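Worksheet: one structure, shown below.
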Amino acid sequence: MTTTSPATSDASVEPTLGSYPIGNRLAFWGLVVFIAGYCVVLLSAFGIQFISHEFPCPLCMLQRYAMILATIPIVWIVAESLRGRLTRVTYLRSLGMSIVASVAGSIMSTRQILLHIASKTDPGYGSAVLGLHLYTWALITFQIVIVYCGASMMLNGQAIPEAPSSPKVQLLARAVLWLFLAVLVANVIAIIFLEGFSWVLPDNPTSYHLLHQF
């Protein structure tokens, strides 16, 4: 009579990368859309900043940074998948990091919302988009990220991101990664111009302090 060790039994049950080709590809492109979505959000914030001349306040910038921090782990997942080196540990840890960053961003967004609903006469900071201010939209995006990453972790074993084999198709994913890198650098440059040689932004910035300091 033969017996199967627990380790052997577990290994035979646990799916390997590529066991669910369609789900794996959908998981990969879902994360690419995640990155592209936050690029659009951050670029839209830049549009309001430069076109409408509405300068971000300290809480606004912190929310931008939380979005960036929530996206960096996802960028790492996609990059590792493109290299063919993605593991379950990397995948789950990165999703967890994104959730933590989104929770931090949710706290910042909620803080700003509460600041502006204390009085009925408070119009809020900045203009509204589709009836909601940017910090309210930020809170919505953070909640979407938490739910998305949580659902992805629940599906671990059924859908692990797997990059397409075609180099031409991979090029699209790589372009999104480079776009995010450009957005990240642009935000760093923007905060340098906004703060100048100060340690923090003023509560209601009205200009680029670096230019005035020179």
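By order in the structure tokens, chains are A, B, ...; within a chain, residues start at 1; ligands start at 1, following the order shown.
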
Would you mind listing what lies within 12 Å of Ala186 in chain A as a JSON list (two decimals) with C-alpha atoms, in the first residue's frame, with only C-alpha atoms counted and same-chain residues fewer than 2 positions away left out?
```json
[["chain", "number", "residue", "atom", "x", "y", "z"],
["A", 39, "CYS", "CA", -1.73, 57.54, -15.85],
["A", 42, "LEU", "CA", -2.61, 61.84, -13.04],
["A", 43, "LEU", "CA", -2.37, 63.44, -16.49],
["A", 45, "ALA", "CA", -4.78, 66.39, -12.77],
["A", 46, "PHE", "CA", -1.89, 67.98, -14.66],
["A", 64, "ARG", "CA", -1.05, 61.85, -6.20],
["A", 65, "TYR", "CA", 1.88, 60.19, -4.47],
["A", 68, "ILE", "CA", 1.93, 56.48, -7.71],
["A", 179, "LEU", "CA", 4.24, 56.30, -19.86],
["A", 180, "PHE", "CA", 3.91, 55.73, -16.13],
["A", 181, "LEU", "CA", 7.62, 56.40, -15.63],
["A", 182, "ALA", "CA", 7.22, 59.70, -17.50],
["A", 183, "VAL", "CA", 4.22, 60.64, -15.33],
["A", 184, "LEU", "CA", 6.18, 59.79, -12.18],
["A", 188, "VAL", "CA", 8.58, 64.92, -9.05],
["A", 189, "ILE", "CA", 9.50, 67.94, -11.20],
["A", 190, "ALA", "CA", 6.12, 69.55, -10.48],
["A", 191, "ILE", "CA", 6.51, 69.31, -6.71],
["A", 192, "ILE", "CA", 10.03, 70.79, -6.94],
["A", 193, "PHE", "CA", 8.68, 73.80, -8.85]]
```

Selection near range 71-81 of chain A, 10 Å with only C-alpha atoms, sequence-local residues under 3 positions removed, as a VMD selection string: chain A and resid 27 to 29 31 to 32 34 to 39 65 to 68 84 to 87 90 to 99 101 to 102 145 149 160 to 164 173 to 174 176 to 178 180 to 181 184

Write the selection just made, keeping C-alpha atoms, as a compact mmCIF listing (two decimals), in the first residue's frame?
```
# COMPACT_ATOMS: atom_id res chain seq x y z
CA ALA A 27 -5.08 39.19 -15.41
CA PHE A 28 -2.04 40.60 -17.23
CA TRP A 29 -4.00 43.05 -19.34
CA LEU A 31 -3.03 45.22 -14.62
CA VAL A 32 -1.88 47.05 -17.74
CA PHE A 34 -4.79 49.57 -14.08
CA ILE A 35 -1.51 51.37 -14.85
CA ALA A 36 -2.93 53.17 -17.86
CA GLY A 37 -5.96 54.25 -15.82
CA TYR A 38 -3.88 55.93 -13.14
CA CYS A 39 -1.73 57.54 -15.85
CA TYR A 65 1.88 60.19 -4.47
CA ALA A 66 -0.42 57.54 -3.01
CA MET A 67 -1.66 56.81 -6.54
CA ILE A 68 1.93 56.48 -7.71
CA GLY A 84 9.04 35.63 -17.57
CA ARG A 85 10.14 35.74 -13.92
CA LEU A 86 6.87 36.42 -12.09
CA THR A 87 6.27 34.23 -9.05
CA THR A 90 6.01 38.52 -5.95
CA TYR A 91 2.48 38.74 -7.29
CA LEU A 92 0.74 38.55 -3.91
CA ARG A 93 3.22 40.81 -2.12
CA SER A 94 2.88 43.46 -4.82
CA LEU A 95 -0.91 43.37 -4.64
CA GLY A 96 -0.68 43.73 -0.87
CA MET A 97 1.62 46.75 -1.21
CA SER A 98 -0.83 48.35 -3.62
CA ILE A 99 -3.66 47.83 -1.13
CA ALA A 101 -0.85 52.47 -0.50
CA SER A 102 -4.52 52.75 -1.47
CA VAL A 145 -7.96 49.54 -6.37
CA CYS A 149 -6.40 43.85 -5.72
CA ILE A 160 -1.72 34.70 -12.52
CA PRO A 161 -0.63 37.48 -14.93
CA GLU A 162 1.10 36.02 -17.95
CA ALA A 163 2.58 38.24 -20.66
CA PRO A 164 1.75 37.51 -24.30
CA ALA A 173 2.45 46.89 -22.37
CA ARG A 174 5.99 48.26 -22.34
CA VAL A 176 2.30 51.85 -20.81
CA LEU A 177 5.16 51.20 -18.36
CA TRP A 178 7.24 53.96 -19.94
CA PHE A 180 3.91 55.73 -16.13
CA LEU A 181 7.62 56.40 -15.63
CA LEU A 184 6.18 59.79 -12.18
```

Shortest interatomic distance to His116 in chain A - which of A:Ser52, A:Ser165, A:Asn24, A:Thr136, counting only C-alpha atoms: A:Thr136

Backbone-only DSSP, alpha helix (DSSP H) members of range 2-201 of chain A, as number ranges by chain: A: 6-13, 21-51, 58-83, 88-116, 134-154, 167-195
